[in-house]
file structure_23.csv (CSV, C-alpha atoms and all ligand atoms)
chain,number,residue,atom,x,y,z
A,932,MET,CA,91.3,64.9,36.7
A,933,ASP,CA,87.8,65.0,38.1
A,934,LEU,CA,88.3,66.1,41.7
A,935,PHE,CA,84.8,65.4,42.9
A,936,GLU,CA,84.9,61.9,41.3
A,937,THR,CA,88.1,61.3,43.3
A,938,LEU,CA,86.5,62.5,46.5
A,939,HIS,CA,83.5,60.4,45.8
A,940,THR,CA,85.7,57.3,45.5
A,941,SER,CA,87.9,58.0,48.5
A,942,GLU,CA,84.9,59.2,50.6
A,943,HIS,CA,86.5,62.5,51.7
A,944,GLU,CA,84.3,65.1,53.4
A,945,GLN,CA,86.3,68.2,52.6
A,946,VAL,CA,89.4,69.4,50.9
A,947,MET,CA,90.7,72.9,51.4
A,948,PHE,CA,93.3,74.6,49.2
A,949,CYS,CA,95.1,77.4,51.1
A,950,HIS,CA,97.0,80.1,49.3
A,951,ASN,CA,98.8,83.2,50.5
A,952,LYS,CA,100.9,85.0,47.9
A,953,GLU,CA,102.9,87.2,50.3
A,954,ALA,CA,103.8,84.2,52.6
A,955,GLY,CA,104.4,81.9,49.6
A,956,LEU,CA,101.8,79.5,51.1
A,957,LYS,CA,100.5,76.6,49.0
A,958,ALA,CA,98.8,74.1,51.3
A,959,ILE,CA,96.1,71.5,51.1
A,960,ILE,CA,94.1,70.4,54.1
A,961,ALA,CA,92.1,67.1,53.7
A,962,ILE,CA,89.4,66.0,56.0
A,963,HIS,CA,88.4,62.4,55.4
A,964,ASN,CA,85.8,61.6,58.0
A,965,THR,CA,84.6,63.3,61.2
A,966,VAL,CA,81.9,60.8,62.3
A,967,LEU,CA,83.9,59.9,65.4
A,968,GLY,CA,85.2,63.4,66.2
A,969,PRO,CA,87.4,66.2,64.8
A,970,ALA,CA,89.8,65.1,62.1
A,971,LEU,CA,93.3,64.8,63.5
A,972,GLY,CA,96.5,64.3,61.5
A,973,GLY,CA,99.9,65.8,61.0
A,974,LEU,CA,101.2,68.6,58.8
A,975,ARG,CA,103.8,67.5,56.3
A,976,MET,CA,106.1,69.8,54.2
A,977,TRP,CA,107.5,68.3,51.1
A,978,PRO,CA,108.9,69.6,47.7
A,979,TYR,CA,106.2,67.8,45.8
A,980,LYS,CA,107.0,67.8,42.1
A,981,THR,CA,103.4,68.4,41.1
A,982,GLU,CA,100.2,69.6,42.8
A,983,GLN,CA,98.6,66.3,41.9
A,984,GLU,CA,101.3,64.4,43.9
A,985,ALA,CA,100.6,66.7,46.9
A,986,LEU,CA,96.9,66.1,46.6
A,987,ASP,CA,97.3,62.3,46.2
A,988,ASP,CA,99.5,62.2,49.3
A,989,VAL,CA,97.2,64.3,51.5
A,990,LEU,CA,94.1,62.3,50.4
A,991,ARG,CA,95.9,58.9,51.1
A,992,LEU,CA,97.3,60.0,54.5
A,993,SER,CA,94.1,61.6,55.8
A,994,ARG,CA,92.1,58.4,54.9
A,995,GLY,CA,94.7,56.4,56.8
A,996,MET,CA,94.2,58.6,59.9
A,997,THR,CA,90.5,57.8,59.9
A,998,TYR,CA,91.2,54.1,60.2
A,999,LYS,CA,94.0,54.5,62.7
A,1000,ALA,CA,91.9,56.6,65.1
A,1001,ALA,CA,88.8,54.3,64.7
A,1002,VAL,CA,90.8,51.1,65.5
A,1003,ALA,CA,92.5,52.9,68.4
A,1004,GLY,CA,89.1,53.5,69.9
A,1005,LEU,CA,89.5,57.3,69.9
A,1006,ASN,CA,86.8,59.9,69.4
A,1007,LEU,CA,88.7,61.4,66.5
A,1008,GLY,CA,88.3,61.4,62.7
A,1009,GLY,CA,91.0,61.4,60.0
A,1010,GLY,CA,92.6,64.4,58.5
A,1011,LYS,CA,96.0,65.5,57.2
A,1012,SER,CA,97.6,68.6,55.7
A,1013,VAL,CA,100.6,69.3,53.3
A,1014,ILE,CA,102.5,72.4,52.5
A,1015,ILE,CA,104.1,72.3,49.1
A,1016,GLY,CA,107.7,73.6,49.6
A,1017,ASP,CA,111.3,72.6,50.4
A,1018,PRO,CA,111.7,72.4,54.2
A,1019,SER,CA,115.4,73.3,53.9
A,1020,LYS,CA,114.8,76.7,52.3
A,1021,ASP,CA,111.1,77.7,52.1
A,1022,LYS,CA,110.2,78.0,55.8
A,1023,SER,CA,109.3,81.3,57.4
A,1024,GLU,CA,107.2,82.6,60.3
A,1025,ALA,CA,104.7,84.1,57.9
A,1026,LEU,CA,104.3,80.8,56.1
A,1027,PHE,CA,103.3,78.9,59.2
A,1028,ARG,CA,101.2,81.6,60.7
A,1029,SER,CA,99.4,82.0,57.4
A,1030,PHE,CA,98.7,78.2,57.5
A,1031,GLY,CA,97.6,78.5,61.1
A,1032,ARG,CA,95.1,81.2,60.2
A,1033,PHE,CA,93.5,78.9,57.6
A,1034,MET,CA,93.3,76.2,60.2
A,1035,GLU,CA,91.7,78.5,62.6
A,1036,SER,CA,89.0,79.3,60.0
A,1037,MET,CA,88.0,75.5,60.2
A,1038,LYS,CA,86.8,76.0,63.8
A,1039,GLY,CA,88.3,72.8,65.2
A,1040,ARG,CA,87.2,70.5,62.5
A,1041,TYR,CA,90.8,69.8,61.8
A,1042,ILE,CA,93.6,69.4,64.4
A,1043,THR,CA,97.2,69.3,63.4
A,1044,ALA,CA,100.5,68.0,64.7
A,1045,GLU,CA,104.1,67.6,63.4
A,1046,ASP,CA,104.9,65.3,60.5
A,1047,VAL,CA,107.7,64.9,58.0
A,1048,GLY,CA,109.6,68.1,57.3
A,1049,ILE,CA,108.1,70.0,60.2
A,1050,ASP,CA,109.8,70.7,63.6
A,1051,VAL,CA,108.7,72.1,66.9
A,1052,ASN,CA,109.6,75.7,66.0
A,1053,ASP,CA,107.4,75.6,62.9
A,1054,MET,CA,104.5,74.3,65.0
A,1055,GLU,CA,105.1,77.1,67.5
A,1056,TYR,CA,104.2,79.6,64.7
A,1057,VAL,CA,101.1,77.6,63.8
A,1058,PHE,CA,100.2,77.6,67.5
A,1059,HIS,CA,100.3,81.5,67.5
A,1060,GLU,CA,97.3,81.5,65.2
A,1061,THR,CA,95.2,78.5,66.4
A,1062,ASP,CA,94.8,76.3,69.4
A,1063,ASN,CA,94.0,73.3,67.2
A,1064,VAL,CA,97.5,71.9,67.5
A,1065,VAL,CA,98.6,68.9,69.5
A,1066,GLY,CA,102.1,67.5,70.2
A,1067,VAL,CA,103.2,71.0,71.2
A,1068,HIS,CA,106.2,71.5,73.5
A,1069,GLN,CA,105.9,70.4,77.1
A,1070,VAL,CA,106.3,74.0,78.2
A,1071,HIS,CA,102.8,74.7,76.7
A,1072,GLY,CA,101.3,71.6,78.4
A,1073,GLY,CA,101.9,69.4,75.4
A,1074,SER,CA,102.9,65.8,75.4
A,1075,GLY,CA,106.4,66.0,74.0
A,1076,ASP,CA,108.2,63.2,72.1
A,1077,PRO,CA,105.8,60.3,71.4
A,1078,SER,CA,108.4,57.7,70.5
A,1079,PRO,CA,108.7,55.9,73.9
A,1080,PHE,CA,104.9,55.6,74.0
A,1081,THR,CA,104.8,54.3,70.4
A,1082,ALA,CA,107.4,51.7,71.4
A,1083,TYR,CA,105.5,50.7,74.5
A,1084,GLY,CA,102.3,50.5,72.6
A,1085,THR,CA,104.0,48.4,69.9
A,1086,VAL,CA,105.0,45.9,72.6
A,1087,GLN,CA,101.4,45.7,73.8
A,1088,GLY,CA,100.4,44.8,70.2
A,1089,LEU,CA,103.3,42.3,70.1
A,1090,LYS,CA,102.0,40.5,73.2
A,1091,ALA,CA,98.6,40.0,71.4
A,1092,ALA,CA,100.4,38.7,68.3
A,1093,LEU,CA,102.5,36.3,70.4
A,1094,GLN,CA,99.4,35.1,72.2
A,1095,GLN,CA,97.8,34.5,68.8
A,1096,ARG,CA,100.7,32.6,67.3
A,1097,PHE,CA,102.2,30.8,70.4
A,1098,GLY,CA,99.4,30.8,73.0
A,1099,ASN,CA,101.5,32.9,75.4
A,1100,GLU,CA,102.8,36.4,75.7
A,1101,GLU,CA,106.3,35.8,77.2
A,1102,VAL,CA,108.1,38.6,75.3
A,1103,GLY,CA,111.5,37.5,76.7
A,1104,SER,CA,111.2,33.9,75.5
A,1105,TYR,CA,111.4,34.9,71.8
A,1106,SER,CA,114.0,36.3,69.4
A,1107,TYR,CA,113.6,39.5,67.4
A,1108,ALA,CA,114.9,41.1,64.2
A,1109,LEU,CA,114.6,44.9,64.5
A,1110,GLN,CA,114.9,46.9,61.3
A,1111,GLY,CA,115.7,50.5,62.2
A,1112,VAL,CA,116.8,51.6,65.7
A,1113,GLY,CA,115.9,55.3,65.6
A,1114,HIS,CA,113.6,57.0,68.0
A,1115,VAL,CA,111.0,54.1,68.3
A,1116,GLY,CA,113.3,51.2,67.4
A,1117,PHE,CA,115.9,52.0,70.1
A,1118,GLU,CA,113.1,52.2,72.7
A,1119,MET,CA,111.7,48.9,71.4
A,1120,ALA,CA,115.2,47.3,71.7
A,1121,LYS,CA,115.4,48.5,75.3
A,1122,LEU,CA,112.0,47.1,76.2
A,1123,LEU,CA,112.7,43.7,74.6
A,1124,ARG,CA,116.2,43.5,76.2
A,1125,ASN,CA,114.7,44.4,79.6
A,1126,GLU,CA,112.6,41.2,79.2
A,1127,GLY,CA,115.7,39.2,78.4
A,1128,ALA,CA,114.9,38.7,74.7
A,1129,LYS,CA,117.5,38.0,72.1
A,1130,VAL,CA,117.5,41.0,69.7
A,1131,PHE,CA,119.2,41.4,66.3
A,1132,VAL,CA,119.4,44.9,65.0
A,1133,THR,CA,120.2,46.7,61.7
A,1134,ASP,CA,120.2,50.4,60.7
A,1135,ILE,CA,121.8,52.5,58.0
A,1136,ASN,CA,123.1,54.7,60.8
A,1137,GLU,CA,126.1,52.7,62.2
A,1138,GLU,CA,126.2,54.8,65.4
A,1139,SER,CA,122.7,53.8,66.3
A,1140,VAL,CA,123.6,50.1,65.8
A,1141,ARG,CA,126.7,50.4,67.9
A,1142,ARG,CA,124.6,52.0,70.7
A,1143,CYS,CA,122.3,49.0,70.7
A,1144,VAL,CA,125.2,46.6,70.8
A,1145,ASP,CA,127.2,48.4,73.5
A,1146,GLU,CA,124.5,49.7,75.7
A,1147,LEU,CA,121.8,47.0,75.3
A,1148,GLY,CA,123.7,43.8,74.3
A,1149,CYS,CA,122.0,43.4,70.9
A,1150,GLU,CA,123.6,41.6,68.0
A,1151,ALA,CA,124.3,43.6,64.8
A,1152,VAL,CA,123.4,42.2,61.4
A,1153,GLY,CA,123.7,43.7,57.8
A,1154,LEU,CA,121.0,45.9,56.2
A,1155,ASP,CA,119.9,43.2,53.8
A,1156,GLU,CA,120.7,40.3,56.1
A,1157,ILE,CA,117.9,41.3,58.5
A,1158,TYR,CA,115.3,39.5,56.2
A,1159,ASP,CA,117.2,36.2,56.6
A,1160,VAL,CA,117.7,36.3,60.4
A,1161,ASP,CA,116.5,33.1,62.1
A,1162,ALA,CA,114.3,35.0,64.7
A,1163,ASP,CA,110.7,34.5,65.8
A,1164,VAL,CA,109.6,38.1,65.2
A,1165,PHE,CA,110.3,40.6,62.5
A,1166,SER,CA,109.9,44.2,63.8
A,1167,PRO,CA,110.1,46.9,61.1
A,1168,SER,CA,110.8,50.3,62.6
A,1169,ALA,CA,112.3,52.2,59.6
A,1170,LEU,CA,110.7,52.1,56.2
A,1171,GLY,CA,107.4,51.2,54.6
A,1172,GLY,CA,107.0,48.6,51.8
A,1173,ILE,CA,109.6,46.2,53.2
A,1174,ILE,CA,107.1,43.3,53.3
A,1175,ASN,CA,107.0,42.4,49.6
A,1176,MET,CA,107.1,39.4,47.3
A,1177,GLU,CA,110.9,39.5,47.3
A,1178,THR,CA,111.4,39.6,51.1
A,1179,ILE,CA,108.6,37.3,52.2
A,1180,PRO,CA,110.0,34.1,50.7
A,1181,ARG,CA,113.2,34.7,52.8
A,1182,PHE,CA,111.3,34.9,56.1
A,1183,LYS,CA,111.7,32.4,58.9
A,1184,PHE,CA,109.8,34.7,61.2
A,1185,LYS,CA,106.5,33.6,62.7
A,1186,VAL,CA,105.2,37.0,63.7
A,1187,VAL,CA,105.6,40.5,62.1
A,1188,CYS,CA,104.9,43.4,64.5
A,1189,GLY,CA,106.7,46.7,64.4
A,1190,SER,CA,106.1,50.5,64.4
A,1191,ALA,CA,106.9,51.4,60.8
A,1192,ASN,CA,104.0,52.8,58.7
A,1193,ASN,CA,102.7,51.0,55.6
A,1194,GLN,CA,104.8,47.9,56.0
A,1195,LEU,CA,102.9,45.9,53.4
A,1196,ALA,CA,104.0,46.7,49.8
A,1197,THR,CA,100.5,45.6,48.7
A,1198,ASP,CA,97.5,44.0,50.3
A,1199,GLU,CA,98.4,40.7,48.6
A,1200,CYS,CA,101.6,40.7,50.7
A,1201,GLY,CA,99.4,40.6,53.8
A,1202,ASP,CA,97.5,37.6,52.4
A,1203,GLU,CA,100.8,35.9,51.6
A,1204,LEU,CA,101.9,36.2,55.2
A,1205,GLU,CA,98.6,34.7,56.3
A,1206,ARG,CA,99.0,31.8,53.8
A,1207,ARG,CA,102.5,31.1,55.2
A,1208,GLY,CA,101.2,31.0,58.8
A,1209,ILE,CA,103.0,34.2,59.8
A,1210,VAL,CA,100.9,36.3,62.1
A,1211,TYR,CA,100.8,40.0,61.0
A,1212,ALA,CA,99.9,42.6,63.6
A,1213,PRO,CA,98.6,45.4,61.4
A,1214,ASP,CA,100.9,48.4,61.5
A,1215,TYR,CA,98.4,51.2,62.1
A,1216,ALA,CA,96.9,49.3,65.0
A,1217,VAL,CA,100.1,48.6,66.8
A,1218,ASN,CA,101.8,52.0,66.2
A,1219,ALA,CA,98.8,54.1,67.4
A,1220,GLY,CA,100.7,55.0,70.6
A,1221,GLY,CA,101.8,58.4,69.2
A,1222,LEU,CA,98.2,59.3,68.3
A,1223,MET,CA,96.8,58.1,71.6
A,1224,ASN,CA,99.5,60.1,73.4
A,1225,VAL,CA,98.5,63.4,71.7
A,1226,SER,CA,94.8,62.7,72.0
A,1227,ILE,CA,95.2,63.0,75.8
A,1228,GLU,CA,96.1,66.7,75.4
A,1229,PHE,CA,92.4,67.4,74.8
A,1230,GLU,CA,91.7,66.6,78.4
A,1231,GLY,CA,95.0,67.9,80.0
A,1232,TYR,CA,98.1,65.8,79.4
A,1233,ASN,CA,98.9,63.1,81.9
A,1234,ARG,CA,101.7,60.6,81.3
A,1235,GLU,CA,100.2,57.9,83.5
A,1236,ARG,CA,97.0,58.0,81.6
A,1237,ALA,CA,98.9,57.9,78.4
A,1238,LYS,CA,100.6,54.7,79.5
A,1239,ARG,CA,97.4,53.1,80.5
A,1240,MET,CA,95.8,54.0,77.2
A,1241,MET,CA,98.7,52.3,75.3
A,1242,ARG,CA,97.7,49.0,76.9
A,1243,THR,CA,94.4,49.1,75.0
A,1244,ILE,CA,96.5,48.3,71.9
A,1245,TYR,CA,96.6,44.7,73.2
A,1246,TYR,CA,92.8,44.6,73.2
A,1247,ASN,CA,92.6,46.2,69.8
A,1248,VAL,CA,95.0,43.8,68.1
A,1249,SER,CA,93.4,40.8,69.7
A,1250,GLN,CA,90.0,42.1,68.4
A,1251,ILE,CA,91.5,42.3,64.9
A,1252,PHE,CA,92.5,38.6,65.1
A,1253,LYS,CA,89.0,37.7,66.3
A,1254,ILE,CA,87.4,39.5,63.3
A,1255,ALA,CA,89.9,37.8,61.0
A,1256,GLU,CA,88.8,34.4,62.3
A,1257,ARG,CA,85.1,35.4,62.4
A,1258,ASP,CA,85.1,36.5,58.7
A,1259,GLY,CA,87.8,34.2,57.3
A,1260,ILE,CA,90.0,37.1,56.2
A,1261,SER,CA,93.6,38.3,56.6
A,1262,SER,CA,94.5,40.5,59.6
A,1263,TRP,CA,95.2,43.6,57.5
A,1264,LYS,CA,91.7,43.4,56.1
A,1265,ALA,CA,90.2,42.7,59.5
A,1266,ALA,CA,91.8,45.9,60.9
A,1267,ASP,CA,90.0,47.9,58.1
A,1268,ARG,CA,86.8,46.1,58.9
A,1269,MET,CA,87.1,46.8,62.6
A,1270,ALA,CA,87.5,50.6,61.8
A,1271,GLU,CA,84.6,50.6,59.3
A,1272,GLU,CA,82.3,48.8,61.7
A,1273,ARG,CA,83.0,51.2,64.5
A,1274,ILE,CA,82.4,54.3,62.3
A,1275,THR,CA,79.2,52.8,61.0
A,1276,ALA,CA,77.9,51.9,64.5
A,1277,ILE,CA,78.7,55.3,66.0
A,1278,GLY,CA,77.5,57.1,63.0
A,1279,LYS,CA,74.0,55.6,63.6
A,1280,ILE,CA,73.7,56.9,67.1
A,1281,LYS,CA,74.6,60.5,66.2
A,1282,LEU,CA,71.7,62.8,66.9
A,1283,PRO,CA,71.0,65.5,64.3
A,1284,PHE,CA,71.5,68.3,66.9
A,1285,LEU,CA,73.7,68.0,69.9
A,1286,GLY,CA,73.0,71.5,71.2
A,1287,ASN,CA,75.4,73.4,73.3
A,1288,ARG,CA,77.9,71.1,74.9
A,1289,GLY,CA,77.3,72.9,78.2
A,1290,HIS,CA,79.7,72.6,81.1
A,1291,SER,CA,83.2,71.4,81.1
A,1292,PHE,CA,84.6,69.4,84.0
A,1293,PRO,CA,88.4,69.7,84.1
A,1294,GLY,CA,90.2,66.6,85.4
A,1295,ARG,CA,87.5,64.2,84.3
A,1296,SER,CA,88.1,61.7,81.6
A,1297,ARG,CA,85.7,60.1,79.2
A,1298,THR,CA,88.3,57.5,78.2
A,1299,GLY,CA,88.5,56.0,81.7
A,1300,HIS,CA,92.3,56.1,81.6
A,1401,LIG,P1,113.5,57.6,63.0
A,1401,LIG,O1,113.8,58.4,61.8
A,1401,LIG,O2,113.9,58.1,64.4
A,1401,LIG,O3,114.1,56.1,62.9
A,1401,LIG,C1,114.1,55.4,61.7
A,1401,LIG,C2,115.4,54.7,61.7
A,1401,LIG,O4,115.5,53.8,60.5
A,1401,LIG,C3,116.7,55.6,61.6
A,1401,LIG,O5,117.6,55.3,62.6
A,1401,LIG,C4,117.2,55.3,60.2
A,1401,LIG,O6,118.6,55.4,60.1
A,1401,LIG,C5,116.7,53.9,60.0
A,1401,LIG,N1,116.7,53.5,58.6
A,1401,LIG,C6,116.3,54.2,57.5
A,1401,LIG,N2,116.4,53.4,56.4
A,1401,LIG,C7,116.8,52.2,56.8
A,1401,LIG,C8,117.1,51.0,56.1
A,1401,LIG,N3,117.0,50.9,54.8
A,1401,LIG,N4,117.5,49.9,56.8
A,1401,LIG,C9,117.6,50.0,58.1
A,1401,LIG,N5,117.4,51.1,58.8
A,1401,LIG,C10,117.0,52.2,58.1
A,1401,LIG,O7,111.9,57.4,63.0
A,1401,LIG,P2,111.0,56.9,64.2
A,1401,LIG,O8,110.3,58.0,64.8
A,1401,LIG,O9,111.8,55.9,65.1
A,1401,LIG,O10,109.9,56.1,63.4
A,1401,LIG,C11,110.1,54.8,62.9
A,1401,LIG,C12,108.9,54.3,62.1
A,1401,LIG,O11,107.8,54.3,62.9
A,1401,LIG,C13,108.6,55.2,60.9
A,1401,LIG,O12,108.0,54.4,59.9
A,1401,LIG,C14,107.5,56.1,61.5
A,1401,LIG,O13,106.6,56.5,60.5
A,1401,LIG,C15,106.8,55.1,62.4
A,1401,LIG,N6,106.0,55.7,63.5
A,1401,LIG,C16,106.7,56.5,64.4
A,1401,LIG,C17,106.0,57.0,65.5
A,1401,LIG,C18,106.7,57.8,66.5
A,1401,LIG,O14,106.1,58.0,67.6
A,1401,LIG,N7,107.9,58.3,66.3
A,1401,LIG,C19,104.6,56.8,65.6
A,1401,LIG,C20,103.9,56.0,64.6
A,1401,LIG,C21,104.7,55.5,63.6
call {"tool": "encode", "arguments": {"input": "structure_23.csv", "output": "structure tokens"}}
result
Amino acid sequence: MDLFETLHTSEHEQVMFCHNKEAGLKAIIAIHNTVLGPALGGLRMWPYKTEQEALDDVLRLSRGMTYKAAVAGLNLGGGKSVIIGDPSKDKSEALFRSFGRFMESMKGRYITAEDVGIDVNDMEYVFHETDNVVGVHQVHGGSGDPSPFTAYGTVQGLKAALQQRFGNEEVGSYSYALQGVGHVGFEMAKLLRNEGAKVFVTDINEESVRRCVDELGCEAVGLDEIYDVDADVFSPSALGGIINMETIPRFKFKVVCGSANNQLATDECGDELERRGIVYAPDYAVNAGGLMNVSIEFEGYNRERAKRMMRTIYYNVSQIFKIAERDGISSWKAADRMAEERITAIGKIKLPFLGNRGHSFPGRSRTGH
């Protein structure tokens, strides 16, 4: 494979291969784009079968972070990192500290956080070697569990989607089919039930379903049945790829809006939803709450500001629908276009030399939140 040809196509700025024999570290850090700011994206640990598989994953995920941060209106770029290894047996203090030292050498161009296969203890070791970590434990001034914010942000995106489809945003007047009631899904169910909405839930974890039924008054449906539920809104909060050519024909839904990543199996599935008059709120725009939440750590974490920032998701999703109408394109494509337009516009105002950033003013916020 021609690596530079791949980077040329995917438009990555930098890829760093990190190796430490003693610690058994094999990691890749990918920086896709830093026009808007330092590249932020989680660290994933996975027993990739081949190095190519690890590289493909880190390139795809880092690119996705560029788009997510751009649509969220953050001054952040896109990056991601992967450690090749089995999280159940290959972890050690040396491994994560060695990774942290490589990160430190990047002088803040890349900022990391927890992702699949990584827990708060692993991050603690990375944090020993570099400050460029977000989502650290609250005892270190971090933002803690992002899930309630992600759910709250998803509801803001939902309101914009309801407005687009029905001309009002009365969350409680509609019915919902929730796929997955884990960290985010359960919080979503809670917010929807608080508004008096009818909520159908499914999950492979029966205990999670029971909790929604007993504590929140949701109605349980089977794992596959969820696609046939006669509800207004489908809200995926579990897996990716669930909106595909097999499931779409079964939909009676009028809106799709949920927290799961990569909901569309293919871009054509997004077009198919559009063709059927189903409003799709692009996943990476509605689930940006977790990213927004950690971004506040740069200026000193504050829960109230985090919550105010989540509300901008309403504006972002509305803007995506406007671009879709302006250009006659599907919403998934309009989201990408919104990201690209912002990066291009901000890229043009960057001066060649910013000089020393000068003073810092603790307690002040550039975001206005
Ligand atoms: P989670 O693991 O806590 O919850 C996922 C739930 O889905 C679990 O309860 C699991 O049992 C269930 N599930 C798995 N397979 C299923 C299936 N086939 N059918 C029905 N249910 C199934 O994860 P989470 O943190 O709640 O995240 C949910 C989704 O949102 C994921 O796609 C995640 O990538 C995305 N997301 C989460 C956050 C966050 O802040 N946690 C932020 C952005 C995006």
call {"tool": "residues_near_ligand", "arguments": {"input": "structure_23.csv", "ligand": "ligand LIG 1401 (chain A)", "cutoff": "8 Å", "atoms": "all atoms listed in the file", "output": "PyMOL selection string"}}
result
chain A and resi 1076-1082+1110-1117+1133-1136+1139+1154-1155+1167-1171+1189-1193+1215+1218-1222
call {"tool": "closest_atom_pairs", "arguments": {"input": "structure_23.csv", "of": "segment 1031-1052 of chain A", "to": "segment 948-962 of chain A", "cutoff": "9 Å", "atoms": "all atoms listed in the file", "output": "Markdown table"}}
result
| residue | atom | partner | partner_atom | distance |
| --- | --- | --- | --- | --- |
| A:Phe1033 | CA | A:Cys949 | CA | 6.9 |
| A:Met1034 | CA | A:Ile960 | CA | 8.5 |
| A:Arg1040 | CA | A:Ile962 | CA | 8.2 |
| A:Tyr1041 | CA | A:Ile962 | CA | 7.1 |
call {"tool": "write_last_selection", "arguments": {"input": "structure_23.csv", "atoms": "C-alpha atoms", "output": "PDB file, keeping the file's coordinate frame"}}
result
ATOM      1  CA  PHE A1033      93.500  78.900  57.600  1.00  0.00           C
ATOM      2  CA  MET A1034      93.300  76.200  60.200  1.00  0.00           C
ATOM      3  CA  ARG A1040      87.200  70.500  62.500  1.00  0.00           C
ATOM      4  CA  TYR A1041      90.800  69.800  61.800  1.00  0.00           C
TER       5      TYR A1041
END
call {"tool": "closest_residue", "arguments": {"input": "structure_23.csv", "among": "A:Gly1278, A:Gly968, A:Gly1127, A:Gly973", "to": "Ser1104 of chain A", "atoms": "all atoms listed in the file"}}
result
A:Gly1127
call {"tool": "residues_around", "arguments": {"input": "structure_23.csv", "residues": "Glu1055 of chain A", "least_positions_apart": "5", "cutoff": "9 Å", "atoms": "only C-alpha atoms", "output": "ChimeraX atom specification"}}
result
/A:1027,1050,1067-1068
call {"tool": "write_last_selection", "arguments": {"input": "structure_23.csv", "atoms": "C-alpha atoms", "output": "mmCIF file, in the coordinates of the input"}}
result
data_model
loop_
_atom_site.group_PDB
_atom_site.id
_atom_site.type_symbol
_atom_site.label_atom_id
_atom_site.label_comp_id
_atom_site.auth_asym_id
_atom_site.auth_seq_id
_atom_site.Cartn_x
_atom_site.Cartn_y
_atom_site.Cartn_z
ATOM 1 C CA PHE A 1027 103.300 78.900 59.200
ATOM 2 C CA ASP A 1050 109.800 70.700 63.600
ATOM 3 C CA VAL A 1067 103.200 71.000 71.200
ATOM 4 C CA HIS A 1068 106.200 71.500 73.500
#
call {"tool": "residues_around", "arguments": {"input": "structure_23.csv", "residues": "Met1223 of chain A", "least_positions_apart": "4", "cutoff": "9 Å", "atoms": "only C-alpha atoms", "output": "tab-separated table (two decimals) with C-alpha atoms, in the coordinates of the input"}}
result
chain	number	residue	atom	x	y	z
A	1000	ALA	CA	91.90	56.60	65.10
A	1003	ALA	CA	92.50	52.90	68.40
A	1005	LEU	CA	89.50	57.30	69.90
A	1080	PHE	CA	104.90	55.60	74.00
A	1081	THR	CA	104.80	54.30	70.40
A	1219	ALA	CA	98.80	54.10	67.40
A	1227	ILE	CA	95.20	63.00	75.80
A	1237	ALA	CA	98.90	57.90	78.40
A	1240	MET	CA	95.80	54.00	77.20
A	1241	MET	CA	98.70	52.30	75.30
call {"tool": "residues_around", "arguments": {"input": "structure_23.csv", "residues": "Arg1206 of chain A", "least_positions_apart": "2", "cutoff": "12 Å", "atoms": "only C-alpha atoms", "output": "list in words"}}
result
Ile1179, Pro1180, Lys1185, Glu1199, Cys1200, Gly1201, Asp1202, Glu1203, Leu1204, Gly1208, Ile1209, Val1210, Tyr1211, Gly1259, Ile1260, Ser1261 and Ser1262 of chain A
call {"tool": "atom_distance", "arguments": {"input": "structure_23.csv", "atom1": "atom CA of Ile1173 of chain A", "atom2": "atom CA of Ala1255 of chain A"}}
result
22.8 Å
call {"tool": "atom_distance", "arguments": {"input": "structure_23.csv", "atom1": "atom CA of Arg991 of chain A", "atom2": "atom CA of Tyr1083 of chain A"}}
result
26.6 Å
call {"tool": "closest_residue", "arguments": {"input": "structure_23.csv", "among": "A:Ser1036, A:Gln1095, A:Gln1087, A:Thr1197", "to": "Leu1122 of chain A", "atoms": "all atoms listed in the file"}}
result
A:Gln1087
